[in-house]
>>> print(open('coords.pdb').read())   # PDB, C-alpha atoms
ATOM      1  CA  MET E  28      -5.411  -3.868 -21.884
ATOM      2  CA  ARG E  29      -6.185  -5.103 -25.402
ATOM      3  CA  LYS E  30      -5.081  -1.998 -27.284
ATOM      4  CA  THR E  31      -2.197   0.145 -26.090
ATOM      5  CA  PRO E  32      -3.076   3.824 -26.590
ATOM      6  CA  SER E  33      -0.329   5.365 -28.724
ATOM      7  CA  GLN E  34      -2.146   8.452 -29.996
ATOM      8  CA  GLN E  35      -3.716  11.255 -27.993
ATOM      9  CA  ARG E  36      -7.202  10.303 -29.149
ATOM     10  CA  SER E  37      -6.709   6.763 -27.819
ATOM     11  CA  ARG E  38      -5.281   8.050 -24.544
ATOM     12  CA  ASP E  39      -8.284  10.346 -24.174
ATOM     13  CA  MET E  40     -10.590   7.366 -24.760
ATOM     14  CA  VAL E  41      -8.836   5.334 -22.055
ATOM     15  CA  GLU E  42      -9.083   8.226 -19.622
ATOM     16  CA  THR E  43     -12.796   8.636 -20.387
ATOM     17  CA  LEU E  44     -13.400   4.925 -19.823
ATOM     18  CA  MET E  45     -11.475   4.932 -16.558
ATOM     19  CA  GLN E  46     -13.384   7.925 -15.222
ATOM     20  CA  ALA E  47     -16.670   6.310 -16.228
ATOM     21  CA  ALA E  48     -15.688   3.030 -14.557
ATOM     22  CA  GLU E  49     -14.772   4.810 -11.331
ATOM     23  CA  LEU E  50     -18.082   6.660 -11.244
ATOM     24  CA  GLU E  51     -20.121   3.540 -11.951
ATOM     25  CA  ILE E  52     -18.293   1.434  -9.361
ATOM     26  CA  GLY E  53     -18.609   4.196  -6.794
ATOM     27  CA  GLU E  54     -22.335   4.659  -7.410
ATOM     28  CA  ARG E  55     -23.594   1.163  -8.276
ATOM     29  CA  GLY E  56     -21.097  -0.966  -6.403
ATOM     30  CA  LEU E  57     -18.584  -3.404  -7.832
ATOM     31  CA  ASP E  58     -20.898  -6.352  -8.409
ATOM     32  CA  ALA E  59     -23.709  -4.322 -10.012
ATOM     33  CA  THR E  60     -21.448  -2.503 -12.456
ATOM     34  CA  THR E  61     -21.251  -3.936 -15.983
ATOM     35  CA  THR E  62     -19.272  -3.082 -19.102
ATOM     36  CA  ASN E  63     -22.503  -1.752 -20.633
ATOM     37  CA  HIS E  64     -22.855   0.674 -17.726
ATOM     38  CA  VAL E  65     -19.280   1.876 -18.215
ATOM     39  CA  ALA E  66     -19.703   2.308 -21.971
ATOM     40  CA  ALA E  67     -22.974   4.214 -21.541
ATOM     41  CA  ARG E  68     -21.433   6.459 -18.869
ATOM     42  CA  ALA E  69     -18.457   7.152 -21.138
ATOM     43  CA  GLY E  70     -20.742   7.896 -24.085
ATOM     44  CA  VAL E  71     -19.188   5.252 -26.339
ATOM     45  CA  SER E  72     -20.366   2.016 -27.884
ATOM     46  CA  ILE E  73     -19.702  -1.280 -26.154
ATOM     47  CA  GLY E  74     -17.604  -2.226 -29.186
ATOM     48  CA  SER E  75     -15.345   0.769 -28.614
ATOM     49  CA  LEU E  76     -14.893  -0.256 -24.974
ATOM     50  CA  TYR E  77     -13.952  -3.808 -25.975
ATOM     51  CA  GLN E  78     -11.218  -2.462 -28.235
ATOM     52  CA  TYR E  79      -9.364  -1.498 -25.042
ATOM     53  CA  TYR E  80     -10.708  -3.781 -22.313
ATOM     54  CA  GLU E  81     -11.783  -7.325 -23.050
ATOM     55  CA  THR E  82     -13.692  -7.887 -19.793
ATOM     56  CA  LYS E  83     -15.005  -6.143 -16.721
ATOM     57  CA  ASP E  84     -12.137  -7.699 -14.763
ATOM     58  CA  ALA E  85      -9.642  -5.961 -17.050
ATOM     59  CA  ILE E  86     -11.352  -2.635 -16.375
ATOM     60  CA  VAL E  87     -11.317  -3.214 -12.622
ATOM     61  CA  GLU E  88      -7.626  -4.129 -12.690
ATOM     62  CA  ALA E  89      -6.838  -0.912 -14.578
ATOM     63  CA  VAL E  90      -8.831   1.106 -12.038
ATOM     64  CA  LEU E  91      -6.919  -0.597  -9.215
ATOM     65  CA  GLN E  92      -3.639   0.437 -10.823
ATOM     66  CA  ARG E  93      -4.834   4.043 -11.024
ATOM     67  CA  HIS E  94      -5.829   4.034  -7.392
ATOM     68  CA  ALA E  95      -2.501   2.516  -6.352
ATOM     69  CA  ALA E  96      -0.759   5.373  -8.145
ATOM     70  CA  ARG E  97      -2.922   7.911  -6.312
ATOM     71  CA  LEU E  98      -2.157   6.339  -2.954
ATOM     72  CA  LEU E  99       1.534   6.370  -3.724
ATOM     73  CA  THR E 100       1.390  10.030  -4.720
ATOM     74  CA  ALA E 101      -0.287  10.893  -1.424
ATOM     75  CA  VAL E 102       2.210   8.849   0.587
ATOM     76  CA  ALA E 103       5.224  10.262  -1.278
ATOM     77  CA  ALA E 104       3.987  13.804  -0.683
ATOM     78  CA  ARG E 105       3.678  13.103   3.032
ATOM     79  CA  LEU E 106       7.175  11.593   3.188
ATOM     80  CA  ARG E 107       8.695  14.552   1.350
ATOM     81  CA  ALA E 108       6.908  17.018   3.611
ATOM     82  CA  GLN E 109       8.237  15.384   6.818
ATOM     83  CA  PRO E 110      11.758  14.049   5.992
ATOM     84  CA  ASP E 111      13.046  14.521   9.549
ATOM     85  CA  ALA E 112      10.015  13.298  11.490
ATOM     86  CA  ASP E 113      10.479  10.451  13.954
ATOM     87  CA  PRO E 114       9.268   7.022  12.749
ATOM     88  CA  ARG E 115       6.120   6.947  14.859
ATOM     89  CA  SER E 116       4.953  10.419  13.830
ATOM     90  CA  LEU E 117       5.789   9.796  10.191
ATOM     91  CA  THR E 118       3.991   6.436  10.157
ATOM     92  CA  ARG E 119       0.883   8.001  11.681
ATOM     93  CA  ARG E 120       0.856  10.803   9.101
ATOM     94  CA  VAL E 121       1.394   8.433   6.186
ATOM     95  CA  LEU E 122      -1.396   6.118   7.344
ATOM     96  CA  LYS E 123      -3.741   9.045   7.923
ATOM     97  CA  SER E 124      -3.007  10.170   4.367
ATOM     98  CA  VAL E 125      -3.865   6.687   3.059
ATOM     99  CA  PHE E 126      -7.167   6.567   4.947
ATOM    100  CA  ASP E 127      -8.082  10.096   3.840
ATOM    101  CA  THR E 128      -7.303   9.321   0.194
ATOM    102  CA  VAL E 129      -9.502   6.226   0.201
ATOM    103  CA  ALA E 130     -12.310   7.936   2.128
ATOM    104  CA  ALA E 131     -12.481  10.726  -0.471
ATOM    105  CA  ASP E 132     -13.009   8.286  -3.365
ATOM    106  CA  PRO E 133     -16.216   6.166  -3.432
ATOM    107  CA  ALA E 134     -14.816   3.802  -6.072
ATOM    108  CA  GLN E 135     -11.650   3.233  -4.096
ATOM    109  CA  ARG E 136     -13.651   2.533  -0.947
ATOM    110  CA  GLU E 137     -15.747  -0.013  -2.851
ATOM    111  CA  LEU E 138     -12.711  -1.755  -4.329
ATOM    112  CA  MET E 139     -11.002  -1.919  -0.935
ATOM    113  CA  ARG E 140     -14.085  -3.655   0.447
ATOM    114  CA  HIS E 141     -13.533  -6.453  -2.073
ATOM    115  CA  TRP E 142      -9.738  -6.441  -2.353
ATOM    116  CA  HIS E 143      -9.444 -10.075  -1.208
ATOM    117  CA  ARG E 144     -11.310 -11.384  -4.279
ATOM    118  CA  LEU E 145      -9.839  -9.042  -6.872
ATOM    119  CA  ARG E 146      -6.572  -9.337  -8.779
ATOM    120  CA  THR E 147      -4.806  -6.900  -6.477
ATOM    121  CA  GLY E 148      -1.356  -8.478  -6.828
ATOM    122  CA  PRO E 149       0.048  -6.072  -9.460
ATOM    123  CA  ALA E 150      -1.262  -2.997  -7.627
ATOM    124  CA  PHE E 151       0.067  -4.222  -4.270
ATOM    125  CA  GLN E 152       3.439  -5.082  -5.803
ATOM    126  CA  ALA E 153       3.745  -1.627  -7.339
ATOM    127  CA  LEU E 154       2.929  -0.029  -3.997
ATOM    128  CA  GLU E 155       5.367  -2.322  -2.198
ATOM    129  CA  GLN E 156       8.231  -1.544  -4.556
ATOM    130  CA  ARG E 157       7.828   2.223  -4.425
ATOM    131  CA  MET E 158       7.260   2.236  -0.675
ATOM    132  CA  MET E 159      10.422   0.189  -0.171
ATOM    133  CA  GLU E 160      12.348   2.792  -2.162
ATOM    134  CA  HIS E 161      10.994   5.698  -0.109
ATOM    135  CA  CYS E 162      11.474   3.937   3.230
ATOM    136  CA  ARG E 163      14.954   2.754   2.285
ATOM    137  CA  VAL E 164      16.034   6.350   1.708
ATOM    138  CA  TYR E 165      14.476   7.419   5.021
ATOM    139  CA  LEU E 166      16.219   4.652   7.017
ATOM    140  CA  LEU E 167      19.580   4.973   5.289
ATOM    141  CA  ARG E 168      19.678   8.568   6.475
ATOM    142  CA  ARG E 169      19.223   7.166   9.995
ATOM    143  CA  HIS E 170      21.475   4.140   9.754
ATOM    144  CA  ALA E 171      23.278   5.073  12.973
ATOM    145  CA  GLU E 172      19.947   4.989  14.831
ATOM    146  CA  TYR E 173      18.482   1.922  13.121
ATOM    147  CA  PRO E 174      21.358  -0.288  11.853
ATOM    148  CA  PHE E 175      19.455  -3.154  10.253
ATOM    149  CA  ALA E 176      21.745  -5.965   9.105
ATOM    150  CA  ASP E 177      19.239  -6.901   6.373
ATOM    151  CA  LEU E 178      17.331  -3.765   5.424
ATOM    152  CA  PRO E 179      15.468  -5.259   2.398
ATOM    153  CA  ALA E 180      14.049  -8.051   4.575
ATOM    154  CA  ALA E 181      13.047  -5.591   7.298
ATOM    155  CA  LEU E 182      11.299  -3.325   4.794
ATOM    156  CA  PHE E 183       9.504  -6.249   3.145
ATOM    157  CA  VAL E 184       8.072  -7.413   6.466
ATOM    158  CA  ALA E 185       7.136  -3.955   7.741
ATOM    159  CA  ILE E 186       5.558  -2.648   4.529
ATOM    160  CA  ASN E 187       3.540  -5.781   3.818
ATOM    161  CA  SER E 188       2.336  -5.879   7.417
ATOM    162  CA  LEU E 189       0.985  -2.360   6.930
ATOM    163  CA  HIS E 190      -0.502  -3.093   3.498
ATOM    164  CA  TYR E 191      -2.463  -6.168   4.476
ATOM    165  CA  THR E 192      -3.615  -4.863   7.851
ATOM    166  CA  ILE E 193      -4.981  -1.697   6.246
ATOM    167  CA  ALA E 194      -6.588  -3.576   3.350
ATOM    168  CA  HIS E 195      -8.254  -6.040   5.715
ATOM    169  CA  TYR E 196      -9.502  -3.272   7.999
ATOM    170  CA  MET E 197     -10.985  -1.341   5.072
ATOM    171  CA  SER E 198     -12.798  -4.450   3.837
ATOM    172  CA  LEU E 199     -14.745  -4.848   7.088
ATOM    173  CA  ASP E 200     -18.380  -3.753   7.073
ATOM    174  CA  GLU E 201     -18.447  -3.212  10.835
ATOM    175  CA  PRO E 202     -14.891  -2.959  12.182
ATOM    176  CA  VAL E 203     -14.502  -3.341  15.933
ATOM    177  CA  LEU E 204     -11.671  -0.808  16.017
ATOM    178  CA  THR E 205     -11.686   2.854  15.096
ATOM    179  CA  GLN E 206      -9.430   4.233  12.399
ATOM    180  CA  ARG E 207      -7.465   6.064  15.090
ATOM    181  CA  GLN E 208      -6.881   2.823  16.993
ATOM    182  CA  VAL E 209      -5.596   1.052  13.894
ATOM    183  CA  ILE E 210      -3.272   3.911  12.975
ATOM    184  CA  ASP E 211      -1.880   4.157  16.508
ATOM    185  CA  ALA E 212      -1.370   0.397  16.788
ATOM    186  CA  LEU E 213       0.438   0.205  13.449
ATOM    187  CA  ALA E 214       2.613   3.212  14.310
ATOM    188  CA  ASP E 215       3.538   1.534  17.605
ATOM    189  CA  MET E 216       4.332  -1.701  15.759
ATOM    190  CA  VAL E 217       6.644   0.020  13.266
ATOM    191  CA  THR E 218       8.414   1.936  16.040
ATOM    192  CA  ALA E 219       8.936  -1.223  18.113
ATOM    193  CA  TYR E 220      10.209  -3.084  15.046
ATOM    194  CA  LEU E 221      12.758  -0.366  14.305
ATOM    195  CA  ARG E 222      13.940  -0.359  17.905
ATOM    196  CA  ALA E 223      14.299  -4.134  17.836
ATOM    197  CA  GLY E 224      16.398  -3.811  14.717
ATOM    198  CA  ASP E 225      18.531  -1.236  16.484
ATOM    199  CA  ALA E 226      19.119  -3.708  19.326
ATOM    200  CA  ARG E 227      20.038  -6.474  16.877
ATOM    201  CA  GLY E 228      22.490  -4.218  15.108
ATOM    202  CA  LYS E 229      24.453  -3.267  18.226
ATOM    203  CA  PRO E 230      27.451  -5.352  19.275
ATOM    204  CA  GLU E 231      26.874  -7.594  22.240
ATOM    205  CA  PRO E 232      28.376  -6.155  25.442
ATOM    206  CA  ARG E 233      31.615  -7.828  26.587
ATOM    207  CA  LYS E 234      30.097  -8.849  29.925
ATOM    208  CA  ALA E 235      27.206 -10.584  28.167
ATOM    209  CA  ARG E 236      29.595 -12.384  25.819
ATOM    210  CA  ARG E 237      31.626 -13.675  28.769
ATOM    211  CA  ALA E 238      28.503 -14.914  30.554
ATOM    212  CA  LYS E 239      27.295 -16.667  27.408
ATOM    213  CA  SER E 240      30.715 -18.266  26.907
ATOM    214  CA  ALA E 241      30.811 -19.484  30.522
ATOM    215  CA  ALA E 242      27.318 -20.943  30.211
ATOM    216  CA  THR E 243      28.303 -22.764  27.020
ATOM    217  CA  GLY E 244      31.365 -24.160  28.744
ATOM    218  CA  ARG E 245      29.324 -25.491  31.654
ATOM    219  CA  ARG E 246      26.882 -27.232  29.316
ATOM    220  CA  GLY E 247      29.760 -28.871  27.486
ATOM    221  CA  SER E 248      31.475 -30.221  30.626
TER     222      SER E 248
END
>>> encode(input="coords.pdb", output="structure tokens")
Amino acid sequence: MRKTPSQQRSRDMVETLMQAAELEIGERGLDATTTNHVAARAGVSIGSLYQYYETKDAIVEAVLQRHAARLLTAVAARLRAQPDADPRSLTRRVLKSVFDTVAADPAQRELMRHWHRLRTGPAFQALEQRMMEHCRVYLLRRHAEYPFADLPAALFVAINSLHYTIAHYMSLDEPVLTQRQVIDALADMVTAYLRAGDARGKPEPRKARRAKSAATGRRGS
């Protein structure tokens, strides 16, 4: 953003521009939308728009950030509403909330279709960071059930696997899978990953340690 809005009038202008950009992208499509369209929709001059956003790309990046915040709000609400749900049920509900949020917003649907060629890094990083915080709290409350030795690494892998699978699926014009299939498969993946972490965190049984030691001894003789 060229000009940081410090006064209420400037903040109102930014909000007007963002709403106009969302409407234009949702109606015209990403490629057909121009800064002139956004300015006209907002009822301001193109010069006024350029005081805040230098290019169309800057506008799109700001819209992406807004949509990331909306997704996070929806996800956080779902997590707060179901703090004691099992991992599979909670994952399914969170993913359903994500799909519903995107489906209800034409601009967000359009941007998700083109996520791979947009500057989505900042928005994805913001989502990743906040999701790691929420999931960390959830798993720490269940450390006895899922004792990950390296929880940050586990969360990084799991959350980014969800992010990029969902983004890729939403970018497909004719997906071969249904939304339900994708949600179920991802929920199964998360559940299996947590159970694998549980197995890694448990001490190795004495009998297994003895067998491994004997096998090592035989290889060395």
>>> residues_around(input="coords.pdb", residues="Thr43 in chain E", least_positions_apart="5", cutoff="12 Å", atoms="only C-alpha atoms", output="JSON, numbers by chain")
{"E": [36, 37, 38, 48, 49, 50, 65, 66, 67, 68, 69, 70, 71, 75, 76, 79, 90]}
>>> residues_around(input="coords.pdb", residues="Gly53 in chain E", least_positions_apart="3", cutoff="8 Å", atoms="all atoms listed in the file", output="PyMOL selection string")
chain E and resi 49-50+56-57+132-137
>>> atom_distance(input="coords.pdb", atom1="CA of Ala95 in chain E", atom2="CA of Met216 in chain E")
23.5 Å
>>> residues_around(input="coords.pdb", residues="range 190-196 of chain E", least_positions_apart="5", cutoff="8 Å", atoms="only C-alpha atoms", output="VMD selection string")
chain E and resid 139 142 151 202
>>> resolve_selection(input="coords.pdb", expression="the PyMOL selection byres ((chain E and resi 154) around 9)", output="ChimeraX atom specification")
/E:95-96,98-99,149-153,155-159,190
>>> residues_around(input="coords.pdb", residues="range 113-122 of chain E", least_positions_apart="2", cutoff="9 Å", atoms="all atoms listed in the file", output="ChimeraX atom specification")
/E:101-103,105-106,109-111,124-127,189,193,210-211,213-218,221
>>> atom_distance(input="coords.pdb", atom1="CA of Thr62 in chain E", atom2="CA of Thr100 in chain E")
28.4 Å
>>> closest_residue(input="coords.pdb", among="E:Leu145, E:Ile73, E:Leu178, E:Ala223", to="Ala85 in chain E", atoms="only C-alpha atoms")
E:Leu145
>>> residues_around(input="coords.pdb", residues="Ile86 in chain E", least_positions_apart="3", cutoff="12 Å", atoms="all atoms listed in the file", output="MDAnalysis selection string")
chainID E and resid 28:29 41:42 44:49 51:52 57 60:63 65:66 76:83 89:93 145:146
>>> atom_distance(input="coords.pdb", atom1="CA of Leu138 in chain E", atom2="CA of Arg97 in chain E")
13.9 Å
>>> decode(input="coords.pdb", residues="range 29-72 of chain E", atoms="C-alpha atoms", output="compact mmCIF listing (two decimals), in the first residue's frame")
# COMPACT_ATOMS: atom_id res chain seq x y z
CA ARG E 29 1.39 3.40 -1.01
CA LYS E 30 -0.35 5.47 1.65
CA THR E 31 -1.04 4.11 5.11
CA PRO E 32 -4.50 5.25 6.25
CA SER E 33 -4.06 7.08 9.55
CA GLN E 34 -7.31 9.05 9.64
CA GLN E 35 -10.86 7.74 9.54
CA ARG E 36 -11.49 9.32 6.15
CA SER E 37 -8.50 7.46 4.69
CA ARG E 38 -9.58 4.20 6.31
CA ASP E 39 -13.05 4.65 4.85
CA MET E 40 -11.50 5.21 1.41
CA VAL E 41 -9.47 1.99 1.69
CA GLU E 42 -12.54 0.06 2.74
CA THR E 43 -14.52 1.48 -0.19
CA LEU E 44 -11.76 0.53 -2.62
CA MET E 45 -11.50 -2.98 -1.21
CA GLN E 46 -15.24 -3.56 -1.46
CA ALA E 47 -15.24 -2.24 -5.02
CA ALA E 48 -12.30 -4.49 -5.95
CA GLU E 49 -14.03 -7.55 -4.52
CA LEU E 50 -17.22 -6.82 -6.45
CA GLU E 51 -15.39 -6.21 -9.72
CA ILE E 52 -13.24 -9.34 -9.41
CA GLY E 53 -16.27 -11.41 -8.49
CA GLU E 54 -18.33 -10.12 -11.42
CA ARG E 55 -15.77 -9.54 -14.19
CA GLY E 56 -13.13 -12.08 -13.26
CA LEU E 57 -9.56 -11.44 -12.21
CA ASP E 58 -8.03 -10.89 -15.64
CA ALA E 59 -10.79 -8.57 -16.91
CA THR E 60 -10.77 -6.32 -13.86
CA THR E 61 -8.74 -3.11 -14.13
CA THR E 62 -7.89 -0.28 -11.76
CA ASN E 63 -10.26 1.94 -13.75
CA HIS E 64 -13.09 -0.51 -13.06
CA VAL E 65 -12.30 -0.47 -9.34
CA ALA E 66 -12.12 3.33 -9.19
CA ALA E 67 -15.40 3.72 -11.09
CA ARG E 68 -17.12 1.16 -8.84
CA ALA E 69 -15.82 2.97 -5.75
CA GLY E 70 -16.96 6.33 -7.11
CA VAL E 71 -13.50 7.91 -6.93
CA SER E 72 -10.99 9.18 -9.45
